[in-house]
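Everything below concerns the one structure shown next.
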Amino acid sequence: IQGTPKKTFIPGFRYIDGETKDFADFNQWLLHFSFHDVTDTIAGEEIVVTQTNDRYIRTYSSITGEYYPSALNNEFGQVNSYADFQNKLLTTAFGDIYQGLGKEELITFPWYEGNFNRPDEYDEELIPVIWYFDGSQFVFKDHLSDVDNQLWNFLAQSSTYPSATIADVNNDSLQDIIISNGRLAILWNIGTQENPLFRFDYSYFASLNEHAPNEPIFAPNAWDYDQDGDYDIAYSYGRGFGKLRYGMDFFVNEGTQDEPFWTRVVQILKNLSIY
């Protein structure tokens with residue numbers, strides 16, 4: 001992954017035998033991307049991309065070392081044509097929420113462009129949607145919700161585009177959802193492997209949110225960086241009001257998975273060329 005941090009900090013992909021093909025539109029309109037094994041017909045993972053120009057989800061698949069965009073009626077055809085998503089930007093997260101349905105489910109987070117911190121304008125069309133793969137494409141499963149109905153208010157206060165990552169944070173074999181509205185919260189899965197049920201919790205990341213820079217948190221990622229048995233958090237700075245800052249940040253959990261203690265470790269992601 002290569003970038004031009006002082007200007008765009010938008011990744012470009014380079015294959016070992018040469019540059020990828022026709023990535024100009026990808027770089028110009030990129031909002032959010034991830035790597036995911038969408039289809040069994042292509043070896044390896046595809047790049048799942050949401051773009052700001054036409055609001056659609058596409059996959060970029062590697063063919064003979066070069067990445068090519070998919071058609072809009074591919075595995076995300078129903079998602080792209082979903083009525084509530086028209087004229088909205090999308091971010092995505094993949095995870096095995098409904099275990100036993102085959103491929104990982106997709107959660108989409110729709111949002112009006114630049115419409116931040118306006119809770120009076122948050123409506124039902126902005127509720128996240130869970131999709132499952134039926135063998136040929138992703139189809140509607142359910143809306144994402146929590147038992148105490150706190151998720152709605154959390155998202156309505158978003159200072160950047162909502163985003164999430166899915167992981168079994170408390171090691172109970174159920175997938176939890178780390179979600180950001182510019183600050184982090186977690187949806188604990190208190191249901192079953194077949195029927196997930198989520199409880200909203202802001203306190204788990206309270207100290208991280210307190211000590212994080214003022215820039216909105218976007219696209220969180222969880223992995224056990226220090227291999228001590230709990231998840232640590234890396235994220236990028238999100239688009240929001242005011243001056244846009246490019247780069248990433250990192251917090252290590254120096255506590256436990258049940259009682260986290262979040263410490264910012266700036267030397268992991270120094271962003272030397274953009275500070």
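Labeling convention for the structure tokens: chains A, B, ... as they appear, residues from 1 per chain, ligands from 1 in order of appearance.
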
Close residues, Thr192 (chain A) itself excluded, 10 Å, only C-alpha atoms, min 6 positions apart in chain, as a PDB file with all heavy atoms, in the first residue's frame:
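Output (around22.pdb):
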```pdb
ATOM      1  N   ILE A  97     -21.704 -12.896  12.120  1.00  0.00           N
ATOM      2  CA  ILE A  97     -22.671 -12.560  13.163  1.00  0.00           C
ATOM      3  C   ILE A  97     -23.689 -13.674  13.349  1.00  0.00           C
ATOM      4  O   ILE A  97     -23.968 -14.107  14.466  1.00  0.00           O
ATOM      5  CB  ILE A  97     -23.380 -11.242  12.812  1.00  0.00           C
ATOM      6  CG1 ILE A  97     -22.357 -10.110  12.688  1.00  0.00           C
ATOM      7  CG2 ILE A  97     -24.428 -10.900  13.868  1.00  0.00           C
ATOM      8  CD1 ILE A  97     -22.942  -8.828  12.169  1.00  0.00           C
ATOM      9  N   TYR A  98     -24.262 -14.126  12.226  1.00  0.00           N
ATOM     10  CA  TYR A  98     -25.188 -15.258  12.252  1.00  0.00           C
ATOM     11  C   TYR A  98     -24.380 -16.501  11.875  1.00  0.00           C
ATOM     12  O   TYR A  98     -24.279 -16.857  10.705  1.00  0.00           O
ATOM     13  CB  TYR A  98     -26.326 -15.061  11.262  1.00  0.00           C
ATOM     14  CG  TYR A  98     -27.304 -13.989  11.642  1.00  0.00           C
ATOM     15  CD1 TYR A  98     -27.085 -12.655  11.289  1.00  0.00           C
ATOM     16  CD2 TYR A  98     -28.467 -14.289  12.342  1.00  0.00           C
ATOM     17  CE1 TYR A  98     -27.987 -11.658  11.618  1.00  0.00           C
ATOM     18  CE2 TYR A  98     -29.381 -13.302  12.680  1.00  0.00           C
ATOM     19  CZ  TYR A  98     -29.131 -11.995  12.313  1.00  0.00           C
ATOM     20  OH  TYR A  98     -30.033 -11.013  12.642  1.00  0.00           O
ATOM     21  N   GLN A  99     -23.802 -17.153  12.834  1.00  0.00           N
ATOM     22  CA  GLN A  99     -22.931 -18.282  12.538  1.00  0.00           C
ATOM     23  C   GLN A  99     -23.760 -19.448  12.010  1.00  0.00           C
ATOM     24  O   GLN A  99     -24.792 -19.802  12.556  1.00  0.00           O
ATOM     25  CB  GLN A  99     -22.157 -18.671  13.793  1.00  0.00           C
ATOM     26  CG  GLN A  99     -21.262 -17.538  14.304  1.00  0.00           C
ATOM     27  CD  GLN A  99     -20.538 -17.876  15.589  1.00  0.00           C
ATOM     28  OE1 GLN A  99     -20.220 -19.025  15.846  1.00  0.00           O
ATOM     29  NE2 GLN A  99     -20.270 -16.847  16.400  1.00  0.00           N
ATOM     30  N   SER A 173     -17.169 -16.555  21.993  1.00  0.00           N
ATOM     31  CA  SER A 173     -17.551 -17.217  20.736  1.00  0.00           C
ATOM     32  C   SER A 173     -18.694 -16.507  20.017  1.00  0.00           C
ATOM     33  O   SER A 173     -19.288 -17.068  19.096  1.00  0.00           O
ATOM     34  CB  SER A 173     -17.926 -18.687  20.975  1.00  0.00           C
ATOM     35  OG  SER A 173     -16.818 -19.400  21.502  1.00  0.00           O
ATOM     36  N   LEU A 174     -19.025 -15.285  20.427  1.00  0.00           N
ATOM     37  CA  LEU A 174     -20.026 -14.467  19.761  1.00  0.00           C
ATOM     38  C   LEU A 174     -19.360 -13.201  19.249  1.00  0.00           C
ATOM     39  O   LEU A 174     -18.527 -12.600  19.938  1.00  0.00           O
ATOM     40  CB  LEU A 174     -21.171 -14.103  20.713  1.00  0.00           C
ATOM     41  CG  LEU A 174     -21.946 -15.273  21.330  1.00  0.00           C
ATOM     42  CD1 LEU A 174     -22.933 -14.754  22.361  1.00  0.00           C
ATOM     43  CD2 LEU A 174     -22.657 -16.079  20.252  1.00  0.00           C
ATOM     44  N   GLN A 175     -19.758 -12.763  18.060  1.00  0.00           N
ATOM     45  CA  GLN A 175     -19.136 -11.608  17.436  1.00  0.00           C
ATOM     46  C   GLN A 175     -19.749 -10.308  17.960  1.00  0.00           C
ATOM     47  O   GLN A 175     -20.959 -10.109  17.907  1.00  0.00           O
ATOM     48  CB  GLN A 175     -19.296 -11.687  15.919  1.00  0.00           C
ATOM     49  CG  GLN A 175     -18.604 -12.881  15.284  1.00  0.00           C
ATOM     50  CD  GLN A 175     -17.101 -12.842  15.482  1.00  0.00           C
ATOM     51  OE1 GLN A 175     -16.426 -11.908  15.065  1.00  0.00           O
ATOM     52  NE2 GLN A 175     -16.570 -13.866  16.142  1.00  0.00           N
TER      53      GLN A 175
END
```

Legend entry - Who sits within 8 Å of Val147 (chain A), only C-alpha atoms, same chain under 2 positions skipped, as an MDAnalysis selection string: chainID A and resid 145 149 197:200

Would you put the residues from that selection into a file with C-alpha atoms, as a PDB file, in the first residue's frame?
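Okay, out.pdb is ready:
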```pdb
ATOM      1  CA  SER A 145     -30.340  -2.537  16.698  1.00  0.00           C
ATOM      2  CA  ASN A 149     -32.276   1.473  21.834  1.00  0.00           C
ATOM      3  CA  LEU A 197     -28.741  -9.755  20.270  1.00  0.00           C
ATOM      4  CA  PHE A 198     -26.749  -6.629  21.035  1.00  0.00           C
ATOM      5  CA  ARG A 199     -26.314  -4.439  24.117  1.00  0.00           C
ATOM      6  CA  PHE A 200     -24.826  -0.962  23.643  1.00  0.00           C
TER       7      PHE A 200
END
```

Legend entry - Atomic separation - CA of Asp123 (chain A) relative to CA of Leu151 (chain A), Å: 12.7 Å

Inset, instruction - Counting only C-alpha atoms, figure out which residue out of A:Tyr204, A:Tyr231, A:Tyr237, A:Trp223 gets nearest to Glu259 (chain A). - result: A:Tyr204

Legend entry - Separation of CA of Gln78 (chain A) from CA of Phe218 (chain A) in Å: 25.7 Å

Legend entry - Atomic separation - CA of Val169 (chain A) relative to CA of Gln257 (chain A), Å: 6.9 Å

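Look at Val139 (chain A): the protein and nucleic acid residues within 10 Å of it, using only C-alpha atoms and passing over chain neighbours fewer than 4 places away, are Glu75, Phe76, Gly77, Gln78, Val79, Tyr82, Glu105, Leu106, Ile130, Trp131, Tyr132, Phe133, Asp134 and Gly135 of chain A.
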
Keeping only all heavy atoms, write the selected residues as a short mmCIF file (atom, residue, chain, number, x, y, z; two decimals), in the first residue's frame.
```
data_model
loop_
_atom_site.label_atom_id
_atom_site.label_comp_id
_atom_site.auth_asym_id
_atom_site.auth_seq_id
_atom_site.Cartn_x
_atom_site.Cartn_y
_atom_site.Cartn_z
N GLU A 75 -22.30 -9.26 -6.58
CA GLU A 75 -22.76 -9.74 -5.27
C GLU A 75 -23.43 -8.65 -4.44
O GLU A 75 -24.18 -8.94 -3.50
CB GLU A 75 -21.58 -10.34 -4.49
CG GLU A 75 -21.06 -11.65 -5.08
CD GLU A 75 -20.07 -11.42 -6.22
OE1 GLU A 75 -19.78 -10.25 -6.54
OE2 GLU A 75 -19.60 -12.42 -6.79
N PHE A 76 -23.17 -7.40 -4.75
CA PHE A 76 -23.76 -6.28 -4.00
C PHE A 76 -24.91 -5.62 -4.74
O PHE A 76 -25.28 -4.49 -4.43
CB PHE A 76 -22.67 -5.25 -3.69
CG PHE A 76 -21.55 -5.78 -2.85
CD1 PHE A 76 -20.34 -6.12 -3.42
CD2 PHE A 76 -21.70 -5.99 -1.49
CE1 PHE A 76 -19.30 -6.63 -2.67
CE2 PHE A 76 -20.67 -6.51 -0.73
CZ PHE A 76 -19.46 -6.82 -1.32
N GLY A 77 -25.49 -6.32 -5.72
CA GLY A 77 -26.55 -5.74 -6.52
C GLY A 77 -27.73 -5.28 -5.70
O GLY A 77 -28.24 -4.15 -5.88
N GLN A 78 -28.23 -6.12 -4.77
CA GLN A 78 -29.37 -5.72 -3.96
C GLN A 78 -29.02 -4.61 -2.99
O GLN A 78 -29.84 -3.74 -2.70
CB GLN A 78 -29.91 -6.94 -3.19
CG GLN A 78 -30.67 -7.94 -4.06
CD GLN A 78 -31.58 -8.83 -3.23
OE1 GLN A 78 -32.01 -8.48 -2.14
NE2 GLN A 78 -31.88 -10.00 -3.76
N VAL A 79 -27.79 -4.62 -2.49
CA VAL A 79 -27.36 -3.55 -1.59
C VAL A 79 -27.34 -2.22 -2.33
O VAL A 79 -27.87 -1.21 -1.85
CB VAL A 79 -25.96 -3.86 -1.01
CG1 VAL A 79 -25.53 -2.76 -0.05
CG2 VAL A 79 -25.95 -5.22 -0.32
N TYR A 82 -30.86 -0.84 -2.94
CA TYR A 82 -31.72 -0.69 -1.77
C TYR A 82 -32.23 0.75 -1.70
O TYR A 82 -31.46 1.70 -1.75
CB TYR A 82 -30.94 -1.05 -0.52
CG TYR A 82 -31.75 -1.16 0.75
CD1 TYR A 82 -32.80 -2.07 0.86
CD2 TYR A 82 -31.47 -0.36 1.85
CE1 TYR A 82 -33.53 -2.18 2.03
CE2 TYR A 82 -32.19 -0.46 3.02
CZ TYR A 82 -33.22 -1.37 3.10
OH TYR A 82 -33.95 -1.49 4.27
N GLU A 105 -21.45 -12.17 7.26
CA GLU A 105 -22.48 -11.19 6.95
C GLU A 105 -21.83 -9.82 6.70
O GLU A 105 -20.70 -9.55 7.11
CB GLU A 105 -23.49 -11.08 8.08
CG GLU A 105 -24.45 -12.25 8.16
CD GLU A 105 -23.76 -13.51 8.69
OE1 GLU A 105 -23.15 -13.45 9.77
OE2 GLU A 105 -23.84 -14.54 8.00
N LEU A 106 -22.60 -8.96 6.05
CA LEU A 106 -22.20 -7.60 5.75
C LEU A 106 -23.10 -6.64 6.52
O LEU A 106 -24.31 -6.81 6.55
CB LEU A 106 -22.33 -7.34 4.24
CG LEU A 106 -22.32 -5.90 3.76
CD1 LEU A 106 -20.93 -5.28 3.91
CD2 LEU A 106 -22.80 -5.80 2.31
N ILE A 130 -28.07 -5.26 8.14
CA ILE A 130 -27.31 -6.50 8.08
C ILE A 130 -27.76 -7.29 6.85
O ILE A 130 -28.96 -7.47 6.63
CB ILE A 130 -27.52 -7.35 9.35
CG1 ILE A 130 -27.18 -6.56 10.61
CG2 ILE A 130 -26.68 -8.63 9.29
CD1 ILE A 130 -27.51 -7.28 11.90
N TRP A 131 -26.79 -7.76 6.06
CA TRP A 131 -27.04 -8.54 4.86
C TRP A 131 -26.33 -9.88 4.99
O TRP A 131 -25.25 -9.96 5.58
CB TRP A 131 -26.51 -7.82 3.62
CG TRP A 131 -26.95 -6.40 3.48
CD1 TRP A 131 -26.46 -5.31 4.13
CD2 TRP A 131 -28.00 -5.92 2.64
NE1 TRP A 131 -27.12 -4.17 3.75
CE2 TRP A 131 -28.07 -4.51 2.82
CE3 TRP A 131 -28.88 -6.52 1.74
CZ2 TRP A 131 -28.98 -3.70 2.16
CZ3 TRP A 131 -29.79 -5.72 1.07
CH2 TRP A 131 -29.84 -4.33 1.27
N TYR A 132 -26.95 -10.95 4.44
CA TYR A 132 -26.27 -12.24 4.42
C TYR A 132 -26.13 -12.73 2.98
O TYR A 132 -26.88 -12.31 2.09
CB TYR A 132 -27.03 -13.29 5.26
CG TYR A 132 -28.28 -13.84 4.62
CD1 TYR A 132 -28.27 -15.05 3.93
CD2 TYR A 132 -29.50 -13.16 4.74
CE1 TYR A 132 -29.42 -15.56 3.35
CE2 TYR A 132 -30.65 -13.66 4.17
CZ TYR A 132 -30.61 -14.86 3.47
OH TYR A 132 -31.75 -15.35 2.89
N PHE A 133 -25.16 -13.58 2.75
CA PHE A 133 -24.86 -14.05 1.40
C PHE A 133 -25.65 -15.31 1.12
O PHE A 133 -25.54 -16.31 1.84
CB PHE A 133 -23.36 -14.33 1.29
CG PHE A 133 -22.88 -14.49 -0.13
CD1 PHE A 133 -22.80 -13.41 -0.97
CD2 PHE A 133 -22.52 -15.74 -0.61
CE1 PHE A 133 -22.35 -13.55 -2.27
CE2 PHE A 133 -22.07 -15.90 -1.90
CZ PHE A 133 -21.98 -14.80 -2.75
N ASP A 134 -26.50 -15.29 0.07
CA ASP A 134 -27.39 -16.42 -0.21
C ASP A 134 -26.80 -17.40 -1.22
O ASP A 134 -27.50 -18.30 -1.69
CB ASP A 134 -28.75 -15.92 -0.70
CG ASP A 134 -28.68 -15.28 -2.09
OD1 ASP A 134 -27.57 -15.11 -2.62
OD2 ASP A 134 -29.75 -14.98 -2.64
N GLY A 135 -25.53 -17.22 -1.52
CA GLY A 135 -24.88 -18.09 -2.50
C GLY A 135 -24.54 -17.39 -3.79
O GLY A 135 -23.65 -17.81 -4.53
#
```

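Proximity ranking of A:Gly229, A:Gly95, A:Gly100, A:Pro213 relative to Asn170 (chain A) places A:Gly229 first, based on only C-alpha atoms.
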